[in-house]
$ cat entry_38.cif   # mmCIF, C-alpha atoms and all ligand atoms
data_my_file
loop_
_atom_site.group_PDB
_atom_site.id
_atom_site.type_symbol
_atom_site.label_atom_id
_atom_site.label_comp_id
_atom_site.auth_asym_id
_atom_site.auth_seq_id
_atom_site.Cartn_x
_atom_site.Cartn_y
_atom_site.Cartn_z
ATOM 1 C CA GLN A 1 106.750 101.374 80.969
ATOM 2 C CA LEU A 2 105.858 102.449 84.497
ATOM 3 C CA PRO A 3 104.870 106.118 84.636
ATOM 4 C CA ALA A 4 105.488 108.227 87.743
ATOM 5 C CA ILE A 5 103.885 106.102 90.422
ATOM 6 C CA GLU A 6 102.076 106.646 93.709
ATOM 7 C CA GLY A 7 103.569 103.544 95.277
ATOM 8 C CA HIS A 8 100.524 101.387 95.885
ATOM 9 C CA VAL A 9 101.628 97.741 96.023
ATOM 10 C CA ARG A 10 99.473 94.645 95.890
ATOM 11 C CA LEU A 11 100.245 90.948 95.937
ATOM 12 C CA ASP A 12 97.303 88.938 94.617
ATOM 13 C CA HIS A 13 97.389 85.313 95.671
ATOM 14 C CA VAL A 14 101.069 85.032 94.892
ATOM 15 C CA VAL A 15 102.558 81.561 94.661
ATOM 16 C CA PHE A 16 106.258 81.154 94.007
ATOM 17 C CA GLU A 17 108.681 78.242 93.936
ATOM 18 C CA TYR A 18 112.415 78.254 93.249
ATOM 19 C CA GLU A 19 112.262 74.505 92.675
ATOM 20 C CA LYS A 20 109.347 72.516 91.298
ATOM 21 C CA ASN A 21 106.753 71.571 93.888
ATOM 22 C CA ARG A 22 108.615 73.277 96.731
ATOM 23 C CA PRO A 23 106.666 76.519 97.138
ATOM 24 C CA ALA A 24 108.490 79.311 98.950
ATOM 25 C CA LEU A 25 105.299 81.414 98.909
ATOM 26 C CA LYS A 26 101.980 79.634 99.107
ATOM 27 C CA GLY A 27 99.361 82.223 98.188
ATOM 28 C CA ILE A 28 100.249 85.637 99.559
ATOM 29 C CA ASP A 29 97.601 88.371 99.574
ATOM 30 C CA LEU A 30 98.896 91.724 100.676
ATOM 31 C CA GLU A 31 97.728 95.248 100.003
ATOM 32 C CA VAL A 32 99.947 98.184 100.874
ATOM 33 C CA LYS A 33 98.780 101.759 100.438
ATOM 34 C CA ALA A 34 101.086 104.372 98.997
ATOM 35 C CA GLY A 35 103.350 105.730 101.713
ATOM 36 C CA GLN A 36 102.920 102.864 104.176
ATOM 37 C CA SER A 37 105.865 101.082 105.746
ATOM 38 C CA VAL A 38 105.712 97.316 105.996
ATOM 39 C CA ALA A 39 107.894 95.242 108.305
ATOM 40 C CA LEU A 40 108.394 91.650 107.134
ATOM 41 C CA VAL A 41 109.187 89.313 109.986
ATOM 42 C CA GLY A 42 109.400 85.551 110.410
ATOM 43 C CA HIS A 43 111.815 82.694 110.930
ATOM 44 C CA THR A 44 114.636 81.895 108.546
ATOM 45 C CA GLY A 45 113.259 80.425 105.346
ATOM 46 C CA SER A 46 109.752 81.827 105.927
ATOM 47 C CA GLY A 47 109.741 83.800 102.647
ATOM 48 C CA LYS A 48 110.730 87.386 103.558
ATOM 49 C CA SER A 49 113.462 87.757 100.950
ATOM 50 C CA THR A 50 111.320 85.963 98.389
ATOM 51 C CA ILE A 51 108.594 88.603 98.722
ATOM 52 C CA ILE A 52 111.227 91.271 98.176
ATOM 53 C CA ASN A 53 112.661 89.394 95.184
ATOM 54 C CA LEU A 54 109.226 89.401 93.570
ATOM 55 C CA ILE A 55 108.541 93.106 94.216
ATOM 56 C CA CYS A 56 111.923 93.872 92.588
ATOM 57 C CA ARG A 57 110.943 91.458 89.820
ATOM 58 C CA PHE A 58 114.060 89.350 90.148
ATOM 59 C CA TYR A 59 111.512 86.568 89.574
ATOM 60 C CA ASP A 60 107.912 86.360 88.404
ATOM 61 C CA PRO A 61 105.258 84.561 90.441
ATOM 62 C CA VAL A 62 104.258 81.051 89.382
ATOM 63 C CA GLN A 63 100.652 81.977 90.114
ATOM 64 C CA GLY A 64 99.012 85.282 90.986
ATOM 65 C CA ALA A 65 100.443 88.722 90.395
ATOM 66 C CA VAL A 66 102.424 91.540 91.944
ATOM 67 C CA ARG A 67 100.996 94.952 91.048
ATOM 68 C CA ILE A 68 102.292 98.462 91.497
ATOM 69 C CA ASP A 69 99.579 101.101 91.142
ATOM 70 C CA GLY A 70 97.427 98.347 89.666
ATOM 71 C CA GLU A 71 99.890 97.407 86.938
ATOM 72 C CA ASP A 72 101.027 93.784 86.780
ATOM 73 C CA LEU A 73 104.837 93.827 86.999
ATOM 74 C CA ARG A 74 104.990 91.396 84.092
ATOM 75 C CA ASN A 75 103.946 94.354 81.908
ATOM 76 C CA VAL A 76 106.568 96.709 83.299
ATOM 77 C CA THR A 77 110.070 97.182 81.907
ATOM 78 C CA LEU A 78 112.874 96.425 84.337
ATOM 79 C CA GLN A 79 114.421 99.815 83.697
ATOM 80 C CA SER A 80 111.329 101.778 84.687
ATOM 81 C CA LEU A 81 110.967 99.531 87.723
ATOM 82 C CA ARG A 82 114.572 100.184 88.790
ATOM 83 C CA GLU A 83 113.936 103.918 88.603
ATOM 84 C CA GLN A 84 111.048 103.718 91.041
ATOM 85 C CA VAL A 85 112.036 100.915 93.369
ATOM 86 C CA GLY A 86 115.158 101.471 95.469
ATOM 87 C CA ILE A 87 116.954 98.732 97.361
ATOM 88 C CA VAL A 88 119.183 98.930 100.423
ATOM 89 C CA LEU A 89 120.667 95.514 101.036
ATOM 90 C CA GLN A 90 121.871 94.079 104.301
ATOM 91 C CA ASP A 91 125.441 93.763 103.120
ATOM 92 C CA THR A 92 125.698 97.432 102.248
ATOM 93 C CA PHE A 93 127.184 98.045 98.867
ATOM 94 C CA ILE A 94 130.249 100.297 99.061
ATOM 95 C CA PHE A 95 132.510 100.517 96.031
ATOM 96 C CA SER A 96 136.066 101.775 95.674
ATOM 97 C CA GLY A 97 135.889 105.513 95.190
ATOM 98 C CA SER A 98 135.193 108.669 97.160
ATOM 99 C CA ILE A 99 132.450 108.957 99.753
ATOM 100 C CA ARG A 100 130.873 111.526 97.460
ATOM 101 C CA ASP A 101 130.717 109.072 94.537
ATOM 102 C CA ASN A 102 129.367 106.385 96.821
ATOM 103 C CA ILE A 103 126.450 108.608 97.815
ATOM 104 C CA ARG A 104 125.922 109.922 94.295
ATOM 105 C CA PHE A 105 125.894 106.416 92.730
ATOM 106 C CA GLY A 106 123.103 106.394 90.112
ATOM 107 C CA ARG A 107 122.313 110.105 90.401
ATOM 108 C CA LEU A 108 125.130 111.357 88.202
ATOM 109 C CA ASP A 109 123.424 114.758 87.952
ATOM 110 C CA ALA A 110 123.445 115.327 91.732
ATOM 111 C CA THR A 111 125.313 118.427 92.879
ATOM 112 C CA ASP A 112 127.701 118.524 95.853
ATOM 113 C CA GLU A 113 125.052 120.503 97.736
ATOM 114 C CA GLU A 114 122.413 117.824 97.148
ATOM 115 C CA ILE A 115 124.844 115.137 98.274
ATOM 116 C CA GLU A 116 125.645 117.008 101.465
ATOM 117 C CA LEU A 117 121.952 117.683 102.112
ATOM 118 C CA ALA A 118 121.175 113.962 101.841
ATOM 119 C CA ALA A 119 124.102 113.109 104.119
ATOM 120 C CA ARG A 120 122.998 115.666 106.702
ATOM 121 C CA ALA A 121 119.431 114.367 106.648
ATOM 122 C CA VAL A 122 120.574 110.871 107.657
ATOM 123 C CA HIS A 123 123.196 112.059 110.177
ATOM 124 C CA ALA A 124 126.142 110.986 108.041
ATOM 125 C CA HIS A 125 127.593 114.462 107.476
ATOM 126 C CA GLU A 126 129.299 114.678 110.854
ATOM 127 C CA PHE A 127 131.345 111.496 110.580
ATOM 128 C CA ILE A 128 132.143 112.182 106.924
ATOM 129 C CA MET A 129 133.613 115.551 107.914
ATOM 130 C CA SER A 130 135.755 113.813 110.525
ATOM 131 C CA LEU A 131 137.434 111.708 107.809
ATOM 132 C CA PRO A 132 140.826 112.891 106.445
ATOM 133 C CA GLN A 133 139.452 114.350 103.183
ATOM 134 C CA GLY A 134 135.778 114.653 104.080
ATOM 135 C CA TYR A 135 133.537 113.808 101.128
ATOM 136 C CA ASP A 136 136.601 113.235 98.930
ATOM 137 C CA THR A 137 137.965 110.497 101.187
ATOM 138 C CA GLU A 138 138.600 107.355 99.172
ATOM 139 C CA VAL A 139 137.069 104.171 100.541
ATOM 140 C CA GLN A 140 137.610 100.574 99.505
ATOM 141 C CA GLU A 141 134.939 98.016 98.795
ATOM 142 C CA ARG A 142 136.052 95.846 101.691
ATOM 143 C CA GLY A 143 138.050 98.465 103.529
ATOM 144 C CA ASN A 144 137.606 98.872 107.251
ATOM 145 C CA LEU A 145 137.810 102.666 107.234
ATOM 146 C CA LEU A 146 134.047 102.662 107.772
ATOM 147 C CA SER A 147 132.164 100.868 110.522
ATOM 148 C CA MET A 148 129.058 98.828 109.718
ATOM 149 C CA GLY A 149 126.865 101.606 111.081
ATOM 150 C CA GLN A 150 128.653 104.227 108.980
ATOM 151 C CA ARG A 151 128.317 102.090 105.857
ATOM 152 C CA GLN A 152 124.615 101.852 106.564
ATOM 153 C CA LEU A 153 124.296 105.636 106.892
ATOM 154 C CA ILE A 154 126.097 106.089 103.551
ATOM 155 C CA SER A 155 123.642 103.705 101.914
ATOM 156 C CA PHE A 156 120.750 105.640 103.486
ATOM 157 C CA ALA A 157 122.107 108.904 102.068
ATOM 158 C CA ARG A 158 122.395 107.228 98.664
ATOM 159 C CA ALA A 159 118.787 105.983 98.840
ATOM 160 C CA LEU A 160 117.516 109.390 99.957
ATOM 161 C CA LEU A 161 119.278 111.067 97.043
ATOM 162 C CA ALA A 162 117.876 108.508 94.587
ATOM 163 C CA ASP A 163 114.406 109.298 95.990
ATOM 164 C CA PRO A 164 112.493 106.185 94.831
ATOM 165 C CA LYS A 165 108.730 105.929 95.469
ATOM 166 C CA ILE A 166 109.142 102.403 96.779
ATOM 167 C CA LEU A 167 112.016 101.432 99.017
ATOM 168 C CA ILE A 168 113.133 97.928 99.869
ATOM 169 C CA LEU A 169 115.370 97.529 102.844
ATOM 170 C CA ASP A 170 117.007 94.399 104.189
ATOM 171 C CA GLU A 171 117.981 95.549 107.635
ATOM 172 C CA ALA A 172 121.478 94.726 108.817
ATOM 173 C CA THR A 173 121.775 92.330 111.712
ATOM 174 C CA ALA A 174 125.260 93.444 112.671
ATOM 175 C CA SER A 175 125.491 94.833 116.149
ATOM 176 C CA ILE A 176 126.312 98.514 116.294
ATOM 177 C CA ASP A 177 126.902 100.880 119.167
ATOM 178 C CA THR A 178 123.936 102.585 120.824
ATOM 179 C CA GLU A 179 124.761 106.047 119.536
ATOM 180 C CA THR A 180 124.905 104.911 115.892
ATOM 181 C CA GLU A 181 121.805 102.809 116.464
ATOM 182 C CA LEU A 182 119.876 105.905 117.509
ATOM 183 C CA LYS A 183 121.167 107.789 114.478
ATOM 184 C CA ILE A 184 120.110 104.953 112.199
ATOM 185 C CA GLN A 185 116.633 104.836 113.747
ATOM 186 C CA ASP A 186 116.161 108.536 113.192
ATOM 187 C CA ALA A 187 117.684 108.398 109.694
ATOM 188 C CA LEU A 188 115.323 105.569 108.817
ATOM 189 C CA LYS A 189 112.314 107.714 109.713
ATOM 190 C CA THR A 190 113.577 110.474 107.412
ATOM 191 C CA LEU A 191 114.309 107.990 104.666
ATOM 192 C CA LEU A 192 110.884 106.349 104.778
ATOM 193 C CA LYS A 193 108.861 109.555 104.790
ATOM 194 C CA GLY A 194 106.655 109.888 101.702
ATOM 195 C CA ARG A 195 107.427 106.461 100.249
ATOM 196 C CA THR A 196 106.127 102.945 100.414
ATOM 197 C CA SER A 197 108.634 100.663 102.086
ATOM 198 C CA PHE A 198 109.216 96.988 102.728
ATOM 199 C CA ILE A 199 111.728 96.230 105.430
ATOM 200 C CA VAL A 200 113.019 92.820 106.384
ATOM 201 C CA ALA A 201 113.166 93.937 109.969
ATOM 202 C CA HIS A 202 115.505 92.602 112.632
ATOM 203 C CA ARG A 203 115.288 95.474 115.102
ATOM 204 C CA LEU A 204 112.368 95.853 117.462
ATOM 205 C CA SER A 205 112.511 99.626 117.031
ATOM 206 C CA THR A 206 111.983 99.269 113.278
ATOM 207 C CA ILE A 207 109.092 96.868 113.759
ATOM 208 C CA ARG A 208 107.525 99.223 116.289
ATOM 209 C CA ASN A 209 107.717 102.165 113.868
ATOM 210 C CA SER A 210 106.171 100.327 110.910
ATOM 211 C CA ASP A 211 102.579 100.912 109.795
ATOM 212 C CA VAL A 212 102.012 97.248 108.979
ATOM 213 C CA ILE A 213 103.733 94.188 110.404
ATOM 214 C CA VAL A 214 103.527 91.040 108.295
ATOM 215 C CA VAL A 215 104.462 87.804 110.020
ATOM 216 C CA LEU A 216 105.435 84.990 107.658
ATOM 217 C CA ASP A 217 105.754 81.291 108.353
ATOM 218 C CA HIS A 218 106.573 78.673 105.722
ATOM 219 C CA GLY A 219 105.460 80.915 102.857
ATOM 220 C CA VAL A 220 102.160 81.956 104.437
ATOM 221 C CA ILE A 221 101.114 85.188 106.179
ATOM 222 C CA VAL A 222 100.155 84.042 109.664
ATOM 223 C CA GLU A 223 99.593 87.466 111.205
ATOM 224 C CA GLN A 224 99.194 90.996 109.981
ATOM 225 C CA GLY A 225 98.601 94.228 111.843
ATOM 226 C CA ASN A 226 100.336 97.061 113.617
ATOM 227 C CA HIS A 227 102.484 96.974 116.729
ATOM 228 C CA ALA A 228 99.624 97.938 119.006
ATOM 229 C CA GLY A 229 97.370 95.248 117.516
ATOM 230 C CA LEU A 230 99.737 92.287 117.500
HETATM 231 P P1 LIG A 301 116.140 84.445 106.113
HETATM 232 O O1 LIG A 301 115.606 85.054 107.369
HETATM 233 O O2 LIG A 301 117.041 83.299 106.396
HETATM 234 O O3 LIG A 301 116.734 85.439 105.167
HETATM 235 P P2 LIG A 301 113.758 84.348 104.438
HETATM 236 O O4 LIG A 301 112.503 84.537 105.222
HETATM 237 O O5 LIG A 301 114.276 85.527 103.709
HETATM 238 O O6 LIG A 301 114.878 83.738 105.398
HETATM 239 P P3 LIG A 301 113.608 83.092 101.830
HETATM 240 O O7 LIG A 301 114.986 83.390 101.403
HETATM 241 O O8 LIG A 301 112.513 83.908 101.242
HETATM 242 O O9 LIG A 301 113.483 83.151 103.424
HETATM 243 O O10 LIG A 301 113.362 81.555 101.546
HETATM 244 C C1 LIG A 301 112.084 80.954 101.455
HETATM 245 C C2 LIG A 301 112.258 79.504 101.027
HETATM 246 O O11 LIG A 301 112.780 79.455 99.698
HETATM 247 C C3 LIG A 301 113.204 78.675 101.865
HETATM 248 O O12 LIG A 301 112.678 77.379 101.969
HETATM 249 C C4 LIG A 301 114.489 78.661 101.086
HETATM 250 O O13 LIG A 301 115.220 77.495 101.319
HETATM 251 C C5 LIG A 301 113.999 78.721 99.655
HETATM 252 N N1 LIG A 301 114.940 79.446 98.774
HETATM 253 C C6 LIG A 301 115.340 80.731 98.913
HETATM 254 N N2 LIG A 301 116.163 81.090 97.929
HETATM 255 C C7 LIG A 301 116.311 80.008 97.133
HETATM 256 C C8 LIG A 301 117.033 79.740 95.932
HETATM 257 N N3 LIG A 301 117.777 80.694 95.350
HETATM 258 N N4 LIG A 301 116.938 78.493 95.398
HETATM 259 C C9 LIG A 301 116.175 77.553 95.972
HETATM 260 N N5 LIG A 301 115.468 77.729 97.094
HETATM 261 C C10 LIG A 301 115.525 78.939 97.675
HETATM 262 MG MG MG A 302 116.145 86.541 103.728
#

$ encode --input "entry_38.cif" --output "structure tokens"
Amino acid sequence: QLPAIEGHVRLDHVVFEYEKNRPALKGIDLEVKAGQSVALVGHTGSGKSTIINLICRFYDPVQGAVRIDGEDLRNVTLQSLREQVGIVLQDTFIFSGSIRDNIRFGRLDATDEEIELAARAVHAHEFIMSLPQGYDTEVQERGNLLSMGQRQLISFARALLADPKILILDEATASIDTETELKIQDALKTLLKGRTSFIVAHRLSTIRNSDVIVVLDHGVIVEQGNHAGL
């Protein structure tokens, strides 16, 4: 069981391999204070997603440990971890249903007011109101009613409403128009406030706004610092 957490995350000499003797992470040491935002950058195959997979405990390390508030994740139930660690994936997850249900998702107790508040905070309210039935507009999983940028804002509203202490975000690479881009940047700031975050960052603006930038190469941290320092 993981009690209400602060959001301090530590990787202690983490080694991981998907296949025997082909390490994807070769001894990662990383300490992240509660509330800090971490940008993970590096070439394809460098280990960014693997770090995220381990923090979400989709896998356990082969050697070393991942700790949240000092607790080894091996000793934590998946359910309590899911309650405290939120994930926004690159291929934003929209299911068939109303916009309202898509934002509400796991928070079945959320009121319409809370849903609208979350949507407003990430600049999604305006475009939602421009849809035929507003928050009651039905969307399809693969429907093209929503642009990539709009899908992203919906997933931000959902994450804000879920309010996890630790947020994992695999930033979308899709190109979006400048206006939406600015909205997303601002929404991201709101979303990250007061939580620890790990972002697989593709945008320079995101990297610039992160507290810690971690540069990976072949499963090793080759550089670490802030934007001014690197
Ligand atoms: P990208 O920018 O392409 O998403 P990444 O930095 O996220 O890359 P990882 O997905 O963490 O890279 O991959 C790290 C290494 O682990 C790579 O060598 C990759 O081939 C390997 N790998 C990743 N996922 C698997 C898997 N499911 N099975 C086997 N090997 C994998
Ligand atoms: Mg990846």

$ resolve_selection --input "entry_38.cif" --expression "the PyMOL selection byres (((not hetatm)) within 12 of (chain A and resi 302))" --output "number ranges by chain"
A: 24, 40-53, 89-91, 169-173, 199-202, 216

$ atom_distance --input "entry_38.cif" --atom1 "atom O3 of ligand LIG 301 (chain A)" --atom2 "atom CA of Leu167 of chain A"
17.8 Å

$ atom_distance --input "entry_38.cif" --atom1 "atom CA of Val85 of chain A" --atom2 "atom CA of Leu230 of chain A"
28.4 Å

$ atom_distance --input "entry_38.cif" --atom1 "atom CA of Thr178 of chain A" --atom2 "atom CA of Ile87 of chain A"
24.8 Å

$ closest_residue --input "entry_38.cif" --among "A:Phe16, A:Val122, A:Leu2, A:Gly97" --to "Asn75 of chain A" --atoms "only C-alpha atoms"
A:Leu2

$ residues_around --input "entry_38.cif" --residues "segment 191-195 of chain A" --least-positions-apart "6" --cutoff "8 Å" --atoms "all atoms listed in the file" --output "compact mmCIF listing (two decimals) with C-alpha atoms, in the coordinates of the input"
# COMPACT_ATOMS: atom_id res chain seq x y z
CA GLY A 7 103.57 103.54 95.28
CA ALA A 34 101.09 104.37 99.00
CA GLY A 35 103.35 105.73 101.71
CA GLN A 36 102.92 102.86 104.18
CA SER A 37 105.86 101.08 105.75
CA VAL A 122 120.57 110.87 107.66
CA PHE A 156 120.75 105.64 103.49
CA ALA A 159 118.79 105.98 98.84
CA LEU A 160 117.52 109.39 99.96
CA PRO A 164 112.49 106.18 94.83
CA LYS A 165 108.73 105.93 95.47
CA ILE A 166 109.14 102.40 96.78
CA LEU A 167 112.02 101.43 99.02

$ closest_residue --input "entry_38.cif" --among "A:Ile103, A:Ile221, A:Leu11, A:Ala118" --to "Pro61 of chain A" --atoms "only C-alpha atoms"
A:Leu11

$ resolve_selection --input "entry_38.cif" --expression "the PyMOL selection byres (((chain A and resi 136) around 9) and not hetatm)" --output "mmCIF file with C-alpha atoms, in the frame of the given file"
data_model
loop_
_atom_site.group_PDB
_atom_site.id
_atom_site.type_symbol
_atom_site.label_atom_id
_atom_site.label_comp_id
_atom_site.auth_asym_id
_atom_site.auth_seq_id
_atom_site.Cartn_x
_atom_site.Cartn_y
_atom_site.Cartn_z
ATOM 1 C CA GLY A 97 135.889 105.513 95.190
ATOM 2 C CA SER A 98 135.193 108.669 97.160
ATOM 3 C CA ILE A 99 132.450 108.957 99.753
ATOM 4 C CA ARG A 100 130.873 111.526 97.460
ATOM 5 C CA ASP A 101 130.717 109.072 94.537
ATOM 6 C CA PRO A 132 140.826 112.891 106.445
ATOM 7 C CA GLN A 133 139.452 114.350 103.183
ATOM 8 C CA GLY A 134 135.778 114.653 104.080
ATOM 9 C CA TYR A 135 133.537 113.808 101.128
ATOM 10 C CA THR A 137 137.965 110.497 101.187
ATOM 11 C CA GLU A 138 138.600 107.355 99.172
#

$ axis_aligned_box --input "entry_38.cif" --around "segment 51-58 of chain A" --padding-each-side "5 Å" --output "JSON"
{"center_x": 111.3, "center_y": 91.2, "center_z": 94.3, "size_x": 15.5, "size_y": 15.3, "size_z": 18.9}

$ closest_residue --input "entry_38.cif" --among "A:Leu146, A:Val214, A:Ile68, A:Ala119" --to "ligand LIG 301 (chain A)" --atoms "all atoms listed in the file"
A:Val214

$ residues_near_point --input "entry_38.cif" --point "(123.8, 107.2, 95.6)" --cutoff "7 Å" --atoms "all atoms listed in the file" --output "PyMOL selection string"
chain A and resi 102-107+157-159+161-162

$ closest_residue --input "entry_38.cif" --among "A:Cys56, A:Val32, A:Ile5, A:Ile94" --to "Glu141 of chain A" --atoms "only C-alpha atoms"
A:Ile94

$ residues_near_point --input "entry_38.cif" --point "(124.0, 104.5, 114.7)" --cutoff "10 Å" --atoms "all atoms listed in the file" --output "list in words"
His123, Ala124, Ser147, Met148, Gly149, Gln150, Gln152, Leu153, Ser175, Ile176, Asp177, Thr178, Glu179, Thr180, Glu181, Leu182, Lys183, Ile184, Gln185, Asp186 and Ala187 of chain A

$ resolve_selection --input "entry_38.cif" --expression "the PyMOL selection byres (((chain A and resi 228) around 12) and not hetatm)" --output "JSON, numbers by chain"
{"A": [207, 208, 209, 210, 211, 212, 213, 224, 225, 226, 227, 229, 230]}

$ closest_residue --input "entry_38.cif" --among "A:Ile55, A:Leu30, A:Leu188, A:Val222" --to "Ala121 of chain A" --atoms "only C-alpha atoms"
A:Leu188

$ closest_residue --input "entry_38.cif" --among "A:Asn144, A:Gln84, A:Thr196, A:Ser155" --to "Arg10 of chain A" --atoms "all atoms listed in the file"
A:Thr196
